[in-house]
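Enquirer: The structure's right below; bear with me while I get my questions together.
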Amino acid sequence: MNPQEMKPEREPWYRSKTFKRFRRNPLAIVGALLLLAFVLVAFMAPAITAPQLASIPAARPCLRDLGIKRSEVMDTLRNPLSPVFWKATLAPPESCYNIPRDGFSPLPKPPSEKHPMGVSGGGYDVMYGLVWGTRTAFYVGFLVVGITLSIGIVVGGLAGFIGGAVDNFIMRVTDVMLSFPRLVFVMIIAVIFGSGLTTVMLAMAVVGWAGYARFFRGDILRTKAQEFVDAARALGASPMRVFAKHVFPNAIGTLLILASMDVGSIVLAASGFSFLGLGAPVGYADWGQMISFARDYILGSAQGTPFDYWYVSVYPSLMLVLFGLAWNLLGDAVRDALDPKS
Amino acid sequence: MTTFIARGLLQLPVVLLALSLLIFGMMQFLTPEQRAATYVRTEQQAKNIDLIIRQYNLDKGFWAQYTTWLNQVLHGNLGYSKQSHEPVLTTIRKRLPVWTELAIFMFFPTLAFGIWMGTLAATHRDKLIDQFVRVFAIAGWSLPTFVLGIWLLAVLYGYFHCCGIGRADDKYLIEFAKGTLKTYTGMITIDGLLNGRPNVTFSGLKHLVMPVLTYMVVASAQIMRVLRSSMLDVLNSDYVRTARAKGLPERVVNLKHARHNAIIPIVTIAGLMFTFMLEGVFFIEIIFNIPGLGQWAVPAAIQLDFPAVIGIALLTGVIVSIANLVVDILYGIIDPRISFQ
């Protein structure tokens, strides 16, 4: 028989037991639906905020960079046939991420037709910040996880592949990195390179790889101990080939899935740093910053009326919590599906 | 066991040295003038920055700079903080007790609560309490510290006028400032007792309710989940069945036989929780207006007050290394097999 035909047929992932377990978990469905809603909001951000873009004069830089007039906003940004719609949706100019200020009044204004979720102190439209902040959230989450994961795979892979003293040394470093709080690292990097979204993301990536490296190393060692690796070695495969062809592909799957579930917690952490003032510049659409706008109004206008300005704090924190919840529900379901024992 | 602890203690200086090298290495991204600003106290000194650069070898090679810097650090000269207008070490010394008090009250009750609920969830599997713990764990883990802190602040303090923010009632803080209440340790709850004024301690505790509650909800989730699953593993093992078969009471089996073994992964989680707490304290200090390290260091970072941040980084390095050592020793105590290796 042709050796090509002897190859066992690979089961497609959507028919695997793991995926079936995942799919049957009602909480996973809730998480997935929530997440889908967030993706839609992020995608449709220009269309959703078109009324604000049209009515607030301070949104002019964004419109100028998009090349449209105020009178055209409603027709173009909600019309998928217009090229501006696609430009605004897929590659919006940076100026659109700045929340347009409607006046400079220090007092928040309650929800109205013009501002469906109210106005934060300083004239920042809450809904605009939240909707465009969804994009910032996804951007930060995926980018940080991506960079962190790459560093983690390289470091953990080296530790697992070389072993011995190198492994020992790398694991010591990992221990220290794991126990060093991210916030302090963000503060150091912010002081040296100046604070900003990029700095925060850089700091989180530099400090966050340790967990992945350790996990990946463990998986490599586990895979290395299996029979098919021995078989490959017995057949005369070089260590490099054994690693690249047999160990690496088999060890990396779980890590990739688990790491992708960390997007939620990364976003929560990053918004925490923004809340402290270490993240995005003032006025940039970012959930953490929206909550920090709310900080001065948390106790209301006078004693005993803490809920006077509820809209400045409730909407942003709700967004953040729901986002975290969506990822956690998904992550939990994934972990359960991968490890049915627990 | 003794050699085990001794080995850990010997490793400590090495780790600290490596950390200081790392932090100093990152400082190399700054210009010598910026680094010299560490030691500048007055306008006049700022004019003679070249002198300072020469005095601290900042124009020499890396190792000369590093040894000079390390020498200064070891002699307690961490530089001058523009944020607090005093030497970094003085500020740290002033604020460390406040921070420590908060950290102790945040860490240990949360740990105890997590272990307690985790045990309950495992022994009452699929009962009401288990479901509650499951929901609580997911909710707690999805809530960032600062969001929950703000909510509690609005509801408990703003609406119900309960608990209070800051460290203690103003009248007691004024007494501390005037000197009618003596400051022994800098921790309100302990100083109150040492002064023979339990009401001061009570006020301090009352003001700790919201910070501790915030942290407890957010951080205990992980402990509950891990303890629950490791406890369920252990409860199914043979020796637990044997213990039951011997006729031991359920309580003894659960707490002594099962939990003692199930708690080993908790040590790891507690170590991670400690790291998480170092971060959480800063948020909580800022939200609840507690004058600890975070309330000084975070604005310092925003104002690019670089000596303050490096001081905090070094302090964090020391705390973290000691905590790691403690975790290692705890492993040895809880699981004697480890220390014999």
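For the structure tokens, the naming scheme is as follows: chains receive sequential letters (A, B, ...) according to their order of presentation, residues are indexed from 1 within each chain, and ligands are indexed from 1 in presentation order.
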Residues of chain B near chain A: apply a cut-off of 6 Å, count only C-alpha atoms, and supply the list as a PyMOL selection string.
Expert: chain B and resi 142-143+154+158-159+275+279+301+304+306
Enquirer: Leaving out range 164-166 of chain B and any residue of its chain fewer than 4 positions from it, which residues lie within 7 Å of it when counting only C-alpha atoms, given as a ChimeraX atom specification?
Expert: /B:157,207,288-290
Enquirer: How would the residues just picked look written out with N, CA and C atoms as a compact mmCIF listing (two decimals), in the first residue's frame?
Expert:
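Dumped to part.txt:
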# COMPACT_ATOMS: atom_id res chain seq x y z
N TYR B 157 -20.12 53.99 51.08
CA TYR B 157 -19.73 55.25 51.69
C TYR B 157 -20.68 56.37 51.29
N HIS B 207 -12.28 51.75 58.97
CA HIS B 207 -11.84 52.33 57.70
C HIS B 207 -11.17 51.30 56.80
N PHE B 288 -9.37 54.80 47.92
CA PHE B 288 -9.89 55.07 49.26
C PHE B 288 -9.06 56.10 50.03
N ASN B 289 -8.19 56.80 49.32
CA ASN B 289 -7.47 57.93 49.91
C ASN B 289 -6.67 57.54 51.15
N ILE B 290 -5.85 56.52 51.01
CA ILE B 290 -5.01 56.07 52.12
C ILE B 290 -3.57 56.45 51.78
Enquirer: Write out as a PDB file with N, CA and C atoms, in the first residue's frame the residues lying within 7 Å of range 109-121 of chain B, counting only C-alpha atoms and excluding same-chain residues fewer than 4 positions away.
Expert:
ATOM      1  N   PHE B 105      -3.833  43.383  56.305  1.00  0.00           N
ATOM      2  CA  PHE B 105      -5.280  43.199  56.450  1.00  0.00           C
ATOM      3  C   PHE B 105      -5.927  42.748  55.152  1.00  0.00           C
ATOM      4  N   ARG B 125     -20.230  19.416  47.480  1.00  0.00           N
ATOM      5  CA  ARG B 125     -20.222  19.469  46.023  1.00  0.00           C
ATOM      6  C   ARG B 125     -21.636  19.492  45.437  1.00  0.00           C
ATOM      7  N   ILE B 129     -24.129  25.905  48.274  1.00  0.00           N
ATOM      8  CA  ILE B 129     -22.927  26.679  48.579  1.00  0.00           C
ATOM      9  C   ILE B 129     -21.884  26.543  47.457  1.00  0.00           C
ATOM     10  N   ASP B 130     -21.847  25.360  46.847  1.00  0.00           N
ATOM     11  CA  ASP B 130     -20.911  25.139  45.745  1.00  0.00           C
ATOM     12  C   ASP B 130     -21.280  26.018  44.555  1.00  0.00           C
ATOM     13  N   VAL B 133     -20.323  29.552  45.315  1.00  0.00           N
ATOM     14  CA  VAL B 133     -18.888  29.778  45.178  1.00  0.00           C
ATOM     15  C   VAL B 133     -18.515  29.885  43.709  1.00  0.00           C
ATOM     16  N   MET B 216     -10.966  41.272  48.821  1.00  0.00           N
ATOM     17  CA  MET B 216     -11.419  39.910  49.100  1.00  0.00           C
ATOM     18  C   MET B 216     -12.261  39.364  47.960  1.00  0.00           C
ATOM     19  N   SER B 220     -10.086  36.437  46.171  1.00  0.00           N
ATOM     20  CA  SER B 220     -10.280  35.121  46.776  1.00  0.00           C
ATOM     21  C   SER B 220     -10.802  34.112  45.762  1.00  0.00           C
ATOM     22  N   ALA B 221     -11.299  34.623  44.618  1.00  0.00           N
ATOM     23  CA  ALA B 221     -11.911  33.723  43.634  1.00  0.00           C
ATOM     24  C   ALA B 221     -10.952  32.610  43.212  1.00  0.00           C
ATOM     25  N   ILE B 223      -8.316  31.370  44.667  1.00  0.00           N
ATOM     26  CA  ILE B 223      -8.023  30.399  45.730  1.00  0.00           C
ATOM     27  C   ILE B 223      -9.152  29.405  45.856  1.00  0.00           C
ATOM     28  N   MET B 224     -10.389  29.932  45.871  1.00  0.00           N
ATOM     29  CA  MET B 224     -11.538  29.034  46.009  1.00  0.00           C
ATOM     30  C   MET B 224     -11.526  27.982  44.906  1.00  0.00           C
ATOM     31  N   ARG B 225     -11.324  28.440  43.684  1.00  0.00           N
ATOM     32  CA  ARG B 225     -11.410  27.499  42.562  1.00  0.00           C
ATOM     33  C   ARG B 225     -10.340  26.440  42.637  1.00  0.00           C
ATOM     34  N   LEU B 227      -8.543  25.474  45.264  1.00  0.00           N
ATOM     35  CA  LEU B 227      -8.680  24.595  46.417  1.00  0.00           C
ATOM     36  C   LEU B 227      -9.820  23.622  46.196  1.00  0.00           C
ATOM     37  N   ARG B 228     -10.924  24.110  45.624  1.00  0.00           N
ATOM     38  CA  ARG B 228     -12.062  23.231  45.383  1.00  0.00           C
ATOM     39  C   ARG B 228     -11.642  22.046  44.516  1.00  0.00           C
TER      40      ARG B 228
END
Enquirer: Using only C-alpha atoms, which residue out of B:Leu235, B:Gly271, B:Val281, B:Val298 lies closest to Glu250 in chain B?
Expert: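 Looking only at the distances to Glu250 in chain B, the closest residue turns out to be B:Leu235.
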Enquirer: Provide the CA of Tyr172 in chain B to CA of Pro198 in chain B distance in Å, to one decimal place.
Expert: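 Between these atoms lies a distance of 11.6 Å.
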Enquirer: As an MDAnalysis selection string, list the residues of range 22-247 of chain B assigned to alpha helix (DSSP H) by DSSP on the backbone atoms of this structure.
Expert: chainID B and resid 22:27 32:36 43:47 49:55 62:74 88:123 128:142 145:152 170:178 188:194 198:235 238:245
Enquirer: Could you work out how far CA of Ala122 in chain B lies from CA of Asn25 in chain A, giving the answer in Å with one decimal?
Expert: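 Interatomic distance, CA of Asn25 in chain A to CA of Ala122 in chain B: 21.2 Å.
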Enquirer: Which residue out of B:Ala243, B:Ile92, B:Leu181, B:Val155 has the minimum interatomic distance to Leu293 in chain B when only C-alpha atoms are used?
Expert: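 So, comparing all the options, the nearest one is B:Ile92.
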Enquirer: Would you mind listing what lies within 6 Å of range 133-145 of chain A as a VMD selection string, with only C-alpha atoms counted and same-chain residues fewer than 6 positions away left out?
Expert: chain A and resid 42 201 205 263 266 to 267 285 to 287
Enquirer: Produce a file of the selected residues containing C-alpha atoms, as a PDB file, in the first residue's frame.
Expert:
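Below is the file result.pdb, written as the result:
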ATOM      1  CA  ALA A  42     -15.959  47.663  17.721  1.00  0.00           C
ATOM      2  CA  MET A 201       1.639  47.603  26.249  1.00  0.00           C
ATOM      3  CA  ALA A 205       4.571  42.303  27.251  1.00  0.00           C
ATOM      4  CA  VAL A 263      -7.097  38.870  26.222  1.00  0.00           C
ATOM      5  CA  ILE A 266      -4.958  41.896  29.798  1.00  0.00           C
ATOM      6  CA  VAL A 267      -7.585  44.453  28.870  1.00  0.00           C
ATOM      7  CA  ALA A 285     -11.088  56.606  23.822  1.00  0.00           C
ATOM      8  CA  ASP A 286     -10.267  54.043  26.479  1.00  0.00           C
ATOM      9  CA  TRP A 287     -12.474  52.397  29.100  1.00  0.00           C
TER      10      TRP A 287
END
Enquirer: Could you give me, as a list in words, the residues within 9 Å of Tyr215 in chain B, counting only C-alpha atoms and dropping anything in the same chain fewer than 2 positions from it?
Expert: Met106, Phe107, Thr110, Thr145, Leu148, Gly149, Met210, Pro211, Val212, Leu213, Val217, Val218, Ala219, Ser220, Met277, Gly280, Val281 and Ile284 of chain B
Enquirer: Please save all heavy atoms of the selected residues as a compact mmCIF listing (two decimals), in the first residue's frame.
Expert:
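Resulting contents of part15.txt:
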# COMPACT_ATOMS: atom_id res chain seq x y z
N MET B 106 -5.30 43.04 54.03
CA MET B 106 -5.86 42.57 52.77
C MET B 106 -5.51 41.12 52.52
O MET B 106 -6.33 40.33 52.08
CB MET B 106 -5.33 43.43 51.62
CG MET B 106 -6.14 44.66 51.34
SD MET B 106 -5.25 45.84 50.33
CE MET B 106 -5.01 44.96 48.83
N PHE B 107 -4.26 40.77 52.80
CA PHE B 107 -3.77 39.46 52.34
C PHE B 107 -4.34 38.30 53.17
O PHE B 107 -4.95 37.40 52.62
CB PHE B 107 -2.24 39.45 52.40
CG PHE B 107 -1.63 38.23 51.79
CD1 PHE B 107 -1.70 38.03 50.43
CD2 PHE B 107 -1.01 37.29 52.57
CE1 PHE B 107 -1.14 36.91 49.85
CE2 PHE B 107 -0.46 36.17 52.00
CZ PHE B 107 -0.52 35.98 50.64
N THR B 110 -8.17 37.51 53.18
CA THR B 110 -8.57 37.00 51.87
C THR B 110 -8.15 35.55 51.70
O THR B 110 -8.92 34.72 51.21
CB THR B 110 -7.94 37.86 50.77
OG1 THR B 110 -8.32 39.20 50.98
CG2 THR B 110 -8.38 37.40 49.42
N THR B 145 -10.14 45.39 40.35
CA THR B 145 -10.12 45.97 41.69
C THR B 145 -10.69 47.38 41.70
O THR B 145 -11.50 47.73 42.56
CB THR B 145 -8.67 46.03 42.21
OG1 THR B 145 -8.03 44.83 41.86
CG2 THR B 145 -8.64 46.23 43.70
N LEU B 148 -14.63 47.62 41.27
CA LEU B 148 -15.35 47.23 42.48
C LEU B 148 -15.14 48.27 43.57
O LEU B 148 -16.07 48.63 44.30
CB LEU B 148 -14.86 45.86 42.95
CG LEU B 148 -15.64 45.30 44.12
CD1 LEU B 148 -17.06 45.04 43.73
CD2 LEU B 148 -15.01 44.04 44.65
N GLY B 149 -13.92 48.79 43.69
CA GLY B 149 -13.63 49.80 44.70
C GLY B 149 -14.52 51.02 44.52
O GLY B 149 -15.09 51.54 45.48
N MET B 210 -13.83 48.66 53.71
CA MET B 210 -14.03 48.73 52.25
C MET B 210 -12.81 48.24 51.46
O MET B 210 -12.96 47.46 50.53
CB MET B 210 -14.42 50.14 51.83
CG MET B 210 -15.87 50.42 52.08
SD MET B 210 -16.47 51.87 51.23
CE MET B 210 -15.48 53.13 51.96
N PRO B 211 -11.59 48.70 51.82
CA PRO B 211 -10.43 48.18 51.08
C PRO B 211 -10.34 46.65 51.14
O PRO B 211 -10.13 46.00 50.11
CB PRO B 211 -9.23 48.81 51.81
CG PRO B 211 -9.76 50.02 52.43
CD PRO B 211 -11.19 49.75 52.77
N VAL B 212 -10.53 46.10 52.35
CA VAL B 212 -10.38 44.66 52.49
C VAL B 212 -11.48 43.93 51.73
O VAL B 212 -11.22 42.95 51.03
CB VAL B 212 -10.38 44.27 53.98
CG1 VAL B 212 -10.41 42.77 54.14
CG2 VAL B 212 -9.17 44.85 54.67
N LEU B 213 -12.70 44.44 51.83
CA LEU B 213 -13.82 43.81 51.13
C LEU B 213 -13.56 43.80 49.62
O LEU B 213 -13.76 42.79 48.95
CB LEU B 213 -15.10 44.59 51.45
CG LEU B 213 -16.40 43.88 51.08
CD1 LEU B 213 -16.55 42.62 51.89
CD2 LEU B 213 -17.58 44.81 51.31
N VAL B 217 -13.20 40.17 47.49
CA VAL B 217 -14.08 39.71 46.41
C VAL B 217 -13.25 39.42 45.16
O VAL B 217 -13.44 38.41 44.50
CB VAL B 217 -15.16 40.77 46.11
CG1 VAL B 217 -15.94 40.38 44.88
CG2 VAL B 217 -16.06 40.94 47.30
N VAL B 218 -12.29 40.29 44.86
CA VAL B 218 -11.55 40.14 43.61
C VAL B 218 -10.55 38.99 43.69
O VAL B 218 -10.42 38.20 42.76
CB VAL B 218 -10.82 41.45 43.27
CG1 VAL B 218 -9.94 41.26 42.05
CG2 VAL B 218 -11.81 42.55 43.03
N ALA B 219 -9.86 38.87 44.82
CA ALA B 219 -8.71 37.97 44.85
C ALA B 219 -9.00 36.59 45.40
O ALA B 219 -8.25 35.67 45.15
CB ALA B 219 -7.58 38.61 45.64
N SER B 220 -10.09 36.44 46.17
CA SER B 220 -10.28 35.12 46.78
C SER B 220 -10.80 34.11 45.76
O SER B 220 -10.74 32.91 45.99
CB SER B 220 -11.23 35.22 47.96
OG SER B 220 -12.47 35.71 47.54
N MET B 277 -1.43 41.36 44.99
CA MET B 277 -1.79 42.30 46.06
C MET B 277 -0.90 43.54 46.01
O MET B 277 -1.37 44.65 46.22
CB MET B 277 -1.65 41.61 47.40
CG MET B 277 -2.02 42.52 48.54
SD MET B 277 -1.32 41.96 50.07
CE MET B 277 0.38 42.32 49.80
N GLY B 280 -2.62 45.58 43.78
CA GLY B 280 -3.94 45.97 44.26
C GLY B 280 -3.87 47.05 45.32
O GLY B 280 -4.71 47.96 45.35
N VAL B 281 -2.87 46.98 46.19
CA VAL B 281 -2.77 47.97 47.26
C VAL B 281 -2.69 49.37 46.66
O VAL B 281 -3.32 50.31 47.16
CB VAL B 281 -1.52 47.71 48.14
CG1 VAL B 281 -1.40 48.77 49.19
CG2 VAL B 281 -1.60 46.37 48.79
N ILE B 284 -6.04 50.52 45.59
CA ILE B 284 -6.93 50.72 46.72
C ILE B 284 -6.54 51.98 47.49
O ILE B 284 -7.40 52.75 47.92
CB ILE B 284 -6.94 49.45 47.58
CG1 ILE B 284 -7.87 48.45 46.91
CG2 ILE B 284 -7.38 49.75 49.00
CD1 ILE B 284 -7.96 47.14 47.56
